[in-house]
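Coordinates as given in my_file-v4.tsv (TSV, C-alpha atoms):
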chain	number	residue	atom	x	y	z
A	1351	MET	CA	-45.93	82.73	75.86
A	1352	GLU	CA	-49.06	83.74	74.03
A	1353	ALA	CA	-50.51	80.26	74.44
A	1354	ALA	CA	-49.89	80.42	78.18
A	1355	LEU	CA	-51.60	83.81	78.39
A	1356	THR	CA	-54.56	82.60	76.35
A	1357	ASN	CA	-54.95	79.39	78.33
A	1358	SER	CA	-54.77	81.12	81.71
A	1359	LEU	CA	-57.34	83.67	80.52
A	1360	LEU	CA	-59.64	80.88	79.33
A	1361	ILE	CA	-59.35	79.10	82.67
A	1362	PHE	CA	-60.00	82.39	84.46
A	1363	LEU	CA	-63.04	82.90	82.24
A	1364	LEU	CA	-64.39	79.49	83.24
A	1365	ILE	CA	-63.78	80.12	86.95
A	1366	SER	CA	-65.45	83.55	86.92
A	1367	ALA	CA	-68.42	82.17	84.96
A	1368	LEU	CA	-68.82	79.33	87.48
A	1369	PHE	CA	-68.68	81.80	90.34
A	1370	ALA	CA	-71.22	84.08	88.66
A	1371	VAL	CA	-73.63	81.13	88.56
A	1372	HIS	CA	-72.66	79.76	91.96
A	1373	PHE	CA	-72.99	82.88	94.15
A	1374	ARG	CA	-76.28	83.12	96.01
A	1375	ASP	CA	-75.66	86.81	96.68
A	1376	HIS	CA	-76.68	88.80	93.61
A	1377	LEU	CA	-74.10	91.53	94.21
A	1378	SER	CA	-71.21	89.03	94.18
A	1379	ALA	CA	-72.66	87.37	91.07
A	1380	VAL	CA	-72.75	90.72	89.26
A	1381	LEU	CA	-69.15	91.42	90.22
A	1382	ALA	CA	-68.07	87.95	89.05
A	1383	LEU	CA	-69.82	88.67	85.76
A	1384	SER	CA	-67.90	91.93	85.50
A	1385	VAL	CA	-64.62	90.03	86.02
A	1386	PHE	CA	-65.80	87.61	83.31
A	1387	SER	CA	-66.36	90.51	80.91
A	1388	THR	CA	-62.98	92.04	81.66
A	1389	SER	CA	-61.05	88.82	80.99
A	1390	MET	CA	-63.22	88.26	77.91
A	1391	SER	CA	-62.24	91.68	76.60
A	1392	VAL	CA	-58.52	90.96	77.17
A	1393	LEU	CA	-59.04	87.67	75.34
A	1394	PHE	CA	-60.63	89.48	72.38
A	1395	ALA	CA	-57.64	91.82	72.29
A	1396	VAL	CA	-55.26	88.82	72.31
A	1397	TYR	CA	-57.22	87.29	69.44
A	1398	GLN	CA	-56.68	90.54	67.49
A	1399	ALA	CA	-60.26	91.81	67.60
A	1400	PRO	CA	-59.70	95.24	69.20
A	1401	ASP	CA	-63.10	96.62	68.16
A	1402	VAL	CA	-64.95	93.81	69.89
A	1403	ALA	CA	-62.59	94.04	72.85
A	1404	LEU	CA	-63.43	97.72	73.26
A	1405	ALA	CA	-67.16	97.06	73.01
A	1406	GLU	CA	-66.94	94.19	75.51
A	1407	ALA	CA	-64.94	96.35	77.94
A	1408	VAL	CA	-67.28	99.35	77.89
A	1409	VAL	CA	-70.55	97.42	77.69
A	1410	GLY	CA	-69.82	94.26	79.69
A	1411	ALA	CA	-67.53	95.57	82.38
A	1412	GLY	CA	-68.79	99.16	82.57
A	1413	LEU	CA	-72.37	99.78	81.56
A	1414	GLY	CA	-73.78	96.29	82.13
A	1415	THR	CA	-72.38	96.17	85.63
A	1416	ALA	CA	-73.87	99.59	86.42
A	1417	LEU	CA	-77.31	98.55	85.17
A	1418	PHE	CA	-77.16	95.20	87.02
A	1419	LEU	CA	-76.05	96.93	90.23
A	1420	ILE	CA	-78.91	99.41	90.12
A	1421	ALA	CA	-81.36	96.57	89.43
A	1422	VAL	CA	-79.98	94.53	92.35
A	1423	SER	CA	-80.13	97.45	94.76
A	1424	ARG	CA	-83.68	98.33	93.72
A	1425	THR	CA	-85.08	94.80	94.02
A	1426	ARG	CA	-83.33	94.39	97.37
A	1427	SER	CA	-84.95	97.53	98.83
A	1428	LYS	CA	-88.31	96.30	97.61
A	1429	ARG	CA	-87.80	92.86	99.17
A	1430	SER	CA	-86.86	94.27	102.59
A	1431	ASP	CA	-90.21	96.03	102.90
B	545	MET	CA	-86.98	68.03	91.50
B	546	ILE	CA	-85.29	70.30	89.00
B	547	LYS	CA	-81.86	68.66	89.17
B	548	PRO	CA	-82.52	65.50	87.05
B	549	LEU	CA	-84.23	67.61	84.41
B	550	SER	CA	-81.35	70.07	84.22
B	551	ILE	CA	-78.87	67.18	83.90
B	552	VAL	CA	-80.96	65.70	81.09
B	553	VAL	CA	-80.88	69.06	79.29
B	554	LEU	CA	-77.34	70.16	80.07
B	555	VAL	CA	-75.36	66.97	79.38
B	556	PRO	CA	-76.54	66.64	75.75
B	557	LEU	CA	-75.91	70.36	75.31
B	558	ALA	CA	-72.36	69.93	76.60
B	559	VAL	CA	-71.80	67.01	74.20
B	560	VAL	CA	-73.12	69.04	71.26
B	561	LEU	CA	-70.93	72.02	72.21
B	562	CYS	CA	-67.85	69.78	72.46
B	563	PHE	CA	-68.52	68.44	68.97
B	564	ALA	CA	-69.01	71.99	67.67
B	565	LEU	CA	-65.74	73.04	69.30
B	566	SER	CA	-63.83	70.21	67.65
B	567	ALA	CA	-65.35	71.18	64.30
B	568	LEU	CA	-64.05	74.76	64.51
B	569	PRO	CA	-61.31	75.59	61.99
B	570	THR	CA	-57.75	75.52	63.29
B	571	PRO	CA	-55.61	78.69	62.92
B	572	ALA	CA	-53.88	77.11	59.90
B	573	GLU	CA	-57.21	76.54	58.13
B	574	ARG	CA	-58.41	80.01	59.09
B	575	LYS	CA	-55.70	81.65	56.95
B	576	GLU	CA	-58.00	81.12	53.98
B	577	LEU	CA	-60.41	84.09	53.87
B	578	GLY	CA	-64.00	84.03	52.66
B	579	ILE	CA	-65.14	85.89	49.55
B	580	ALA	CA	-66.41	88.94	51.42
B	581	SER	CA	-63.30	89.14	53.62
B	582	LYS	CA	-61.06	88.91	50.57
B	583	HIS	CA	-62.92	91.68	48.78
B	584	ILE	CA	-62.98	93.98	51.80
B	585	ARG	CA	-59.31	93.36	52.51
B	586	ALA	CA	-58.37	94.12	48.91
B	587	HIS	CA	-60.70	97.04	48.13
B	588	GLY	CA	-61.96	98.25	51.54
B	589	VAL	CA	-59.65	101.25	51.95
B	590	ASN	CA	-60.14	102.24	48.32
B	591	ASP	CA	-63.92	101.84	48.44
B	592	THR	CA	-64.55	103.75	51.65
B	593	GLY	CA	-61.42	105.71	52.58
B	594	ALA	CA	-61.56	104.24	56.10
B	595	MET	CA	-58.39	102.73	57.56
B	596	ASN	CA	-60.36	100.73	60.14
B	597	LEU	CA	-62.05	98.10	58.01
B	598	VAL	CA	-64.43	97.14	60.81
B	599	ALA	CA	-65.83	100.68	60.72
B	600	ALA	CA	-65.94	100.45	56.92
B	601	VAL	CA	-68.14	97.35	57.19
B	602	LEU	CA	-70.29	98.81	59.98
B	603	PHE	CA	-71.04	102.19	58.46
B	604	ASP	CA	-70.58	101.65	54.74
B	605	TYR	CA	-70.96	98.09	53.41
B	606	ARG	CA	-73.49	97.09	56.05
B	607	GLY	CA	-74.76	100.53	57.10
B	608	PHE	CA	-78.30	99.20	56.88
B	609	ASP	CA	-77.55	96.64	59.63
B	610	THR	CA	-76.22	99.43	61.83
B	611	LEU	CA	-79.49	101.24	61.28
B	612	GLY	CA	-81.22	98.09	62.57
B	613	GLU	CA	-79.01	98.00	65.69
B	614	VAL	CA	-79.70	101.66	66.37
B	615	THR	CA	-83.42	100.98	66.02
B	616	VAL	CA	-83.18	98.09	68.50
B	617	ILE	CA	-81.59	100.39	71.09
B	618	PHE	CA	-84.16	103.07	70.31
B	619	SER	CA	-87.06	100.68	70.95
B	620	ALA	CA	-85.36	99.35	74.10
B	621	VAL	CA	-85.08	102.88	75.49
B	622	ALA	CA	-88.67	103.59	74.50
B	623	SER	CA	-89.96	100.44	76.23
B	624	VAL	CA	-87.93	101.04	79.40
B	625	GLY	CA	-89.23	104.61	79.49
B	626	LEU	CA	-92.76	103.32	79.04
B	627	LEU	CA	-92.41	100.62	81.73
B	628	PHE	CA	-90.91	102.95	84.33
B	629	SER	CA	-92.90	106.06	83.50
B	630	VAL	CA	-95.74	105.32	85.92
B	631	ARG	CA	-95.93	107.65	88.96
B	632	ARG	CA	-92.44	109.12	88.89
B	633	LEU	CA	-91.40	111.13	91.93
B	634	PRO	CA	-88.68	113.84	91.98
B	635	ASN	CA	-85.08	112.77	92.58
B	636	THR	CA	-83.70	113.10	96.08
B	637	SER	CA	-80.28	111.48	95.82
B	638	GLU	CA	-77.46	113.47	97.46
B	639	GLY	CA	-74.50	111.65	95.91
B	640	LEU	CA	-71.27	110.43	97.50
B	641	SER	CA	-68.65	112.15	99.71
B	642	THR	CA	-66.81	115.39	98.89
B	643	ILE	CA	-63.54	113.54	98.21
B	644	THR	CA	-65.21	111.35	95.61
B	645	LYS	CA	-66.96	114.33	94.05
B	646	ARG	CA	-63.73	116.34	93.68
B	647	SER	CA	-61.59	113.48	92.34
B	648	ILE	CA	-64.23	112.31	89.87
B	649	GLY	CA	-64.79	115.94	88.90
B	650	ALA	CA	-61.14	116.14	87.80
B	651	LEU	CA	-61.59	112.99	85.69
B	652	VAL	CA	-64.87	113.89	83.99
B	653	PRO	CA	-63.44	116.06	81.15
B	654	PHE	CA	-60.90	113.39	80.30
B	655	ILE	CA	-63.50	110.63	80.22
B	656	PHE	CA	-65.56	112.80	77.88
B	657	LEU	CA	-62.47	113.38	75.74
B	658	VAL	CA	-61.71	109.63	75.54
B	659	GLY	CA	-65.28	109.03	74.39
B	660	PHE	CA	-64.97	111.80	71.81
B	661	TYR	CA	-61.65	110.42	70.58
B	662	ILE	CA	-63.06	106.91	70.22
B	663	VAL	CA	-66.09	108.22	68.32
B	664	MET	CA	-64.18	110.52	65.96
B	665	HIS	CA	-61.35	108.08	65.26
B	666	GLY	CA	-63.71	105.22	64.50
B	667	HIS	CA	-62.65	105.13	60.85
B	668	LEU	CA	-58.93	105.16	61.73
B	669	SER	CA	-58.49	102.99	64.81
B	670	PRO	CA	-60.52	100.44	66.79
B	671	GLY	CA	-63.66	101.92	68.25
B	672	GLY	CA	-66.43	103.96	66.71
B	673	GLY	CA	-69.82	105.41	67.46
B	674	PHE	CA	-71.12	102.56	69.55
B	675	GLN	CA	-68.13	102.15	71.88
B	676	GLY	CA	-67.60	105.89	72.33
B	677	GLY	CA	-71.33	106.39	72.85
B	678	VAL	CA	-71.32	103.83	75.64
B	679	ILE	CA	-68.44	105.75	77.27
B	680	TRP	CA	-70.52	108.95	77.09
B	681	GLY	CA	-73.50	107.13	78.55
B	682	SER	CA	-71.33	105.72	81.35
B	683	LEU	CA	-70.09	109.26	82.03
B	684	LEU	CA	-73.66	110.47	82.54
B	685	ILE	CA	-74.34	107.47	84.78
B	686	LEU	CA	-71.15	108.22	86.76
B	687	LEU	CA	-72.32	111.81	87.26
B	688	GLY	CA	-75.63	110.49	88.54
B	689	ILE	CA	-74.01	108.10	91.02
B	690	VAL	CA	-71.32	110.46	92.32
B	691	TYR	CA	-73.11	113.82	92.38
B	692	GLY	CA	-76.67	112.58	92.86
B	693	SER	CA	-79.27	112.29	90.15
B	694	ARG	CA	-80.59	115.81	90.75
B	695	TYR	CA	-77.23	117.37	89.81
B	696	ALA	CA	-76.85	115.08	86.80
B	697	GLU	CA	-80.34	116.05	85.73
B	698	GLY	CA	-79.09	119.67	85.75
B	699	VAL	CA	-76.14	118.78	83.48
B	700	VAL	CA	-78.16	116.91	80.86
B	701	ALA	CA	-81.88	117.09	81.55
B	702	LYS	CA	-84.29	114.29	80.75
B	703	GLU	CA	-85.80	116.29	77.90
B	704	SER	CA	-82.44	116.98	76.26
B	705	ARG	CA	-81.52	113.29	76.57
B	706	THR	CA	-84.68	112.36	74.71
B	707	VAL	CA	-84.11	115.07	72.11
B	708	MET	CA	-80.46	114.01	71.63
B	709	GLU	CA	-81.44	110.37	71.22
B	710	SER	CA	-84.15	111.11	68.68
B	711	LEU	CA	-82.00	113.65	66.82
B	712	GLY	CA	-79.15	111.14	66.58
B	713	ALA	CA	-81.45	108.55	65.04
B	714	LEU	CA	-83.04	111.08	62.68
B	715	ALA	CA	-79.67	112.46	61.60
B	716	PHE	CA	-78.51	108.91	60.85
B	717	LEU	CA	-81.59	108.43	58.66
B	718	GLY	CA	-81.09	111.86	57.09
B	719	LEU	CA	-77.47	111.17	56.20
B	720	GLY	CA	-78.62	107.90	54.67
B	721	CYS	CA	-81.32	109.66	52.64
B	722	VAL	CA	-78.72	112.09	51.24
B	723	GLY	CA	-77.26	109.05	49.50
B	724	LEU	CA	-80.71	108.20	48.17
B	725	PHE	CA	-81.19	111.67	46.67
B	726	ALA	CA	-77.66	111.75	45.25
B	727	GLY	CA	-78.45	108.60	43.29
B	728	GLY	CA	-76.20	106.26	45.24
B	729	GLY	CA	-78.73	104.25	47.20
B	730	PHE	CA	-79.72	104.40	50.87
B	731	LEU	CA	-76.72	104.96	53.21
B	732	ALA	CA	-74.34	105.16	50.24
B	733	ASN	CA	-70.97	106.66	51.11
B	734	LEU	CA	-68.58	107.59	48.33
B	735	ALA	CA	-71.16	106.79	45.66
B	736	ALA	CA	-73.30	109.59	47.11
B	737	GLY	CA	-70.54	112.13	46.57
B	738	TYR	CA	-69.17	112.32	50.11
B	739	PRO	CA	-65.46	113.21	49.85
B	740	ARG	CA	-63.07	110.33	50.42
B	741	GLY	CA	-60.10	112.37	51.63
B	742	THR	CA	-56.70	110.80	52.26
B	743	PRO	CA	-57.09	107.42	53.98
B	744	GLY	CA	-55.54	107.80	57.42
B	745	ALA	CA	-56.42	111.50	57.84
B	746	ILE	CA	-59.00	112.55	60.41
B	747	THR	CA	-61.19	114.10	57.68
B	748	SER	CA	-61.49	111.05	55.47
B	749	ALA	CA	-63.84	108.17	54.74
B	750	GLY	CA	-66.72	110.41	53.65
B	751	VAL	CA	-69.81	110.06	55.79
B	752	ILE	CA	-68.44	107.46	58.22
B	753	PRO	CA	-67.22	109.91	60.94
B	754	LEU	CA	-70.54	111.79	60.78
B	755	LEU	CA	-72.59	108.61	61.09
B	756	SER	CA	-70.29	107.53	63.92
B	757	LEU	CA	-70.85	110.80	65.78
B	758	MET	CA	-74.64	110.50	65.39
B	759	VAL	CA	-74.62	106.91	66.63
B	760	GLY	CA	-72.41	107.99	69.55
B	761	ILE	CA	-74.77	110.77	70.62
B	762	LYS	CA	-77.78	108.50	70.25
B	763	ILE	CA	-76.31	105.56	72.16
B	764	GLY	CA	-74.91	107.72	74.96
B	765	ALA	CA	-78.17	109.58	75.53
B	766	GLY	CA	-80.25	106.41	75.17
B	767	LEU	CA	-78.27	104.30	77.66
B	768	ALA	CA	-78.23	107.15	80.19
B	769	ALA	CA	-81.99	107.42	79.72
B	770	ILE	CA	-82.41	103.71	80.55
B	771	PHE	CA	-80.30	104.12	83.70
B	772	TYR	CA	-82.17	107.19	84.95
B	773	ALA	CA	-85.53	105.59	84.26
B	774	MET	CA	-84.51	102.69	86.54
B	775	VAL	CA	-83.03	104.98	89.20
B	776	ASN	CA	-86.11	107.16	89.39
B	777	GLU	CA	-88.31	104.11	89.72
B	778	GLY	CA	-86.12	103.08	92.67
B	779	MET	CA	-86.54	106.48	94.33
B	780	GLU	CA	-90.25	105.97	94.26
B	781	VAL	CA	-89.88	102.62	96.04
B	782	ASP	CA	-87.64	104.19	98.69
B	783	ASN	CA	-90.13	106.95	99.39
B	784	ASP	CA	-92.97	104.48	99.69
B	785	ALA	CA	-91.08	102.44	102.27
File written out as structure tokens:
Amino acid sequence: MEAALTNSLLIFLLISALFAVHFRDHLSAVLALSVFSTSMSVLFAVYQAPDVALAEAVVGAGLGTALFLIAVSRTRSKRSD
Amino acid sequence: MIKPLSIVVLVPLAVVLCFALSALPTPAERKELGIASKHIRAHGVNDTGAMNLVAAVLFDYRGFDTLGEVTVIFSAVASVGLLFSVRRLPNTSEGLSTITKRSIGALVPFIFLVGFYIVMHGHLSPGGGFQGGVIWGSLLILLGIVYGSRYAEGVVAKESRTVMESLGALAFLGLGCVGLFAGGGFLANLAAGYPRGTPGAITSAGVIPLLSLMVGIKIGAGLAAIFYAMVNEGMEVDNDA
């Protein structure tokens, strides 16, 4: 059961990482990266590292996404000039 | 043009990583702990009074490393502020719709409380100053996005963010220096005479909850400062367009 959960999370991690690299649209890439961070944080929790899981969840999925989004929106408005 | 080069670089890297992966210890081999892990597992609670041994390592055994991390964030905030400080115009953002404002408004106290809980229970359960501080910072960022940066500026002004960040760092240093004056060495915990309390109680583990709170305040204010520096720069671009 746990092995199945871990393996599916690892595969999901790989898929979201590939998508984050593959997307031409920066917004979609940032969102794929956020999905990557979320599954990474669940994986940390499964591997019994709750401290790291918490840090990954708040930094990777929350704050990092917010900073990336603001950077994407700002560079986009500059490019459309 | 770039493709052959990237293949030349990436394929050897993949091979090296595969070898490294196969060299990792299996779960059966990992049962054997290192010297430091053994010591911390055996004496950690007794040495520091903290139930969460990760917090014990972060704020007691390796408190000096945490000071380094805090300094890294401090210099990052300082450099972002320096980079984006040129020609800043006033904020004009109006925020999102009324529905969003009301529903997020009901959540804000609870998000703050979760952050506070994670900071203050750092020595008892997973979490600590850094994680809780990021939640506080995200709360300030959420306020800026939902209510508009002008309103968020009214809640916690730019000056108070800077003051909170610097005070957090200085208080961390000050608490460390107390250990120095008490004869226990820089960032000493129980050796500096901080009370140990009952391990598992909220008032235990000596200086660890205090250090955690200072790091939380510092990180929260600092990360919000980075965000608002970037947002304000963007406002300037919008007005130029």
Quick one: which chain B residues come within 12 Å of chain A, and what is the nearest atom pair for each with the distance in Å to one decimal, counting all atoms listed in the file, rows ordered by chain and ascending number, as JSON lines?
{"residue": "B:Pro571", "atom": "CA", "partner": "A:Tyr1397", "partner_atom": "CA", "distance": 10.9}
{"residue": "B:Asn596", "atom": "CA", "partner": "A:Asp1401", "partner_atom": "CA", "distance": 9.4}
{"residue": "B:Leu597", "atom": "CA", "partner": "A:Asp1401", "partner_atom": "CA", "distance": 10.3}
{"residue": "B:Val598", "atom": "CA", "partner": "A:Asp1401", "partner_atom": "CA", "distance": 7.5}
{"residue": "B:Ala599", "atom": "CA", "partner": "A:Asp1401", "partner_atom": "CA", "distance": 8.9}
{"residue": "B:Leu602", "atom": "CA", "partner": "A:Asp1401", "partner_atom": "CA", "distance": 11.1}
{"residue": "B:Val658", "atom": "CA", "partner": "A:Val1408", "partner_atom": "CA", "distance": 11.9}
{"residue": "B:Gly659", "atom": "CA", "partner": "A:Val1408", "partner_atom": "CA", "distance": 10.5}
{"residue": "B:Ile662", "atom": "CA", "partner": "A:Leu1404", "partner_atom": "CA", "distance": 9.7}
{"residue": "B:Val663", "atom": "CA", "partner": "A:Leu1404", "partner_atom": "CA", "distance": 11.9}
{"residue": "B:His665", "atom": "CA", "partner": "A:Asp1401", "partner_atom": "CA", "distance": 12.0}
{"residue": "B:Gly666", "atom": "CA", "partner": "A:Asp1401", "partner_atom": "CA", "distance": 9.4}
{"residue": "B:His667", "atom": "CA", "partner": "A:Asp1401", "partner_atom": "CA", "distance": 11.2}
{"residue": "B:Leu668", "atom": "CA", "partner": "A:Asp1401", "partner_atom": "CA", "distance": 11.5}
{"residue": "B:Ser669", "atom": "CA", "partner": "A:Asp1401", "partner_atom": "CA", "distance": 8.5}
{"residue": "B:Pro670", "atom": "CA", "partner": "A:Asp1401", "partner_atom": "CA", "distance": 4.8}
{"residue": "B:Gly671", "atom": "CA", "partner": "A:Asp1401", "partner_atom": "CA", "distance": 5.3}
{"residue": "B:Gly672", "atom": "CA", "partner": "A:Asp1401", "partner_atom": "CA", "distance": 8.2}
{"residue": "B:Gly673", "atom": "CA", "partner": "A:Ala1405", "partner_atom": "CA", "distance": 10.4}
{"residue": "B:Phe674", "atom": "CA", "partner": "A:Ala1405", "partner_atom": "CA", "distance": 7.6}
{"residue": "B:Gln675", "atom": "CA", "partner": "A:Ala1405", "partner_atom": "CA", "distance": 5.3}
{"residue": "B:Gly676", "atom": "CA", "partner": "A:Val1408", "partner_atom": "CA", "distance": 8.6}
{"residue": "B:Gly677", "atom": "CA", "partner": "A:Val1408", "partner_atom": "CA", "distance": 9.6}
{"residue": "B:Val678", "atom": "CA", "partner": "A:Val1408", "partner_atom": "CA", "distance": 6.4}
{"residue": "B:Ile679", "atom": "CA", "partner": "A:Val1408", "partner_atom": "CA", "distance": 6.5}
{"residue": "B:Trp680", "atom": "CA", "partner": "A:Val1408", "partner_atom": "CA", "distance": 10.2}
{"residue": "B:Gly681", "atom": "CA", "partner": "A:Leu1413", "partner_atom": "CA", "distance": 8.0}
{"residue": "B:Ser682", "atom": "CA", "partner": "A:Leu1413", "partner_atom": "CA", "distance": 6.0}
{"residue": "B:Leu683", "atom": "CA", "partner": "A:Leu1413", "partner_atom": "CA", "distance": 9.8}
{"residue": "B:Leu684", "atom": "CA", "partner": "A:Leu1413", "partner_atom": "CA", "distance": 10.8}
{"residue": "B:Ile685", "atom": "CA", "partner": "A:Ala1416", "partner_atom": "CA", "distance": 8.1}
{"residue": "B:Leu686", "atom": "CA", "partner": "A:Ala1416", "partner_atom": "CA", "distance": 9.1}
{"residue": "B:Gly688", "atom": "CA", "partner": "A:Ala1416", "partner_atom": "CA", "distance": 11.2}
{"residue": "B:Ile689", "atom": "CA", "partner": "A:Ala1416", "partner_atom": "CA", "distance": 9.7}
{"residue": "B:Ile763", "atom": "CA", "partner": "A:Val1409", "partner_atom": "CA", "distance": 11.4}
{"residue": "B:Gly764", "atom": "CA", "partner": "A:Leu1413", "partner_atom": "CA", "distance": 10.6}
{"residue": "B:Leu767", "atom": "CA", "partner": "A:Leu1413", "partner_atom": "CA", "distance": 8.4}
{"residue": "B:Ala768", "atom": "CA", "partner": "A:Leu1413", "partner_atom": "CA", "distance": 9.5}
{"residue": "B:Ala769", "atom": "CA", "partner": "A:Leu1417", "partner_atom": "CA", "distance": 11.4}
{"residue": "B:Ile770", "atom": "CA", "partner": "A:Leu1417", "partner_atom": "CA", "distance": 8.6}
{"residue": "B:Phe771", "atom": "CA", "partner": "A:Leu1417", "partner_atom": "CA", "distance": 6.5}
{"residue": "B:Tyr772", "atom": "CA", "partner": "A:Ile1420", "partner_atom": "CA", "distance": 9.9}
{"residue": "B:Ala773", "atom": "CA", "partner": "A:Ile1420", "partner_atom": "CA", "distance": 10.8}
{"residue": "B:Met774", "atom": "CA", "partner": "A:Ile1420", "partner_atom": "CA", "distance": 7.4}
{"residue": "B:Val775", "atom": "CA", "partner": "A:Ile1420", "partner_atom": "CA", "distance": 7.0}
{"residue": "B:Asn776", "atom": "CA", "partner": "A:Arg1424", "partner_atom": "CA", "distance": 10.1}
{"residue": "B:Glu777", "atom": "CA", "partner": "A:Arg1424", "partner_atom": "CA", "distance": 8.4}
{"residue": "B:Gly778", "atom": "CA", "partner": "A:Arg1424", "partner_atom": "CA", "distance": 5.4}
{"residue": "B:Met779", "atom": "CA", "partner": "A:Arg1424", "partner_atom": "CA", "distance": 8.7}
{"residue": "B:Glu780", "atom": "CA", "partner": "A:Arg1424", "partner_atom": "CA", "distance": 10.1}
{"residue": "B:Val781", "atom": "CA", "partner": "A:Lys1428", "partner_atom": "CA", "distance": 6.7}
{"residue": "B:Asp782", "atom": "CA", "partner": "A:Ser1427", "partner_atom": "CA", "distance": 7.2}
{"residue": "B:Asn783", "atom": "CA", "partner": "A:Ser1427", "partner_atom": "CA", "distance": 10.8}
{"residue": "B:Asp784", "atom": "CA", "partner": "A:Asp1431", "partner_atom": "CA", "distance": 9.5}
{"residue": "B:Ala785", "atom": "CA", "partner": "A:Asp1431", "partner_atom": "CA", "distance": 6.5}
(request) Using all atoms listed in the file, pick whichever of A:Val1392, A:Gln1398, A:Phe1362, A:Leu1383 has the shortest atom-to-atom distance to Ala1411 (chain A). (result) A:Leu1383
(message) As an exercise, work out the distance from CA of Lys762 (chain B) to CA of Met708 (chain B) in Å and give it to one decimal place.
(response)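 Computing it gives 6.3 Å between the two atoms.
Taking CA of Arg585 (chain B) as the reference point, CA of Val614 (chain B) is found at 26.0 Å.
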(request) Find the spatial neighbours of Phe716 (chain B), counting all atoms listed in the file, within a cut-off of 10 Å - ignore same-chain residues fewer than 3 positions away - and output them as an NGL selection string. (result) :B and (607 or 610-611 or 614 or 710-713 or 719-721 or 731 or 754-759 or 762)
(request) May I ask which of the residues B:Ala745, B:Phe608, B:Ala765, B:Gly760 is the closest one to Met595 (chain B), counting only C-alpha atoms? (result)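 Answer, going by the shortest atom-to-atom distance: B:Ala745.
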(message) Which residue is closest to Leu1363 (chain A)? Choose from A:Val1422, A:Ala1395, A:Ala1382, A:Leu1377 and count only C-alpha atoms.
(response)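 Nearest to Leu1363 (chain A): A:Ala1382.
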(message) Can you tell me which residues surround Leu1359 (chain A) at a distance of at most 8 Å, considering all atoms listed in the file, apart from same-chain residues fewer than 3 positions away, and format the answer as JSON, numbers by chain?
(response) {"A": [1355, 1356, 1362, 1363, 1389, 1390, 1393]}
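Picture a line from CA of Glu697 (chain B) to CA of Met664 (chain B); it runs 26.1 Å.
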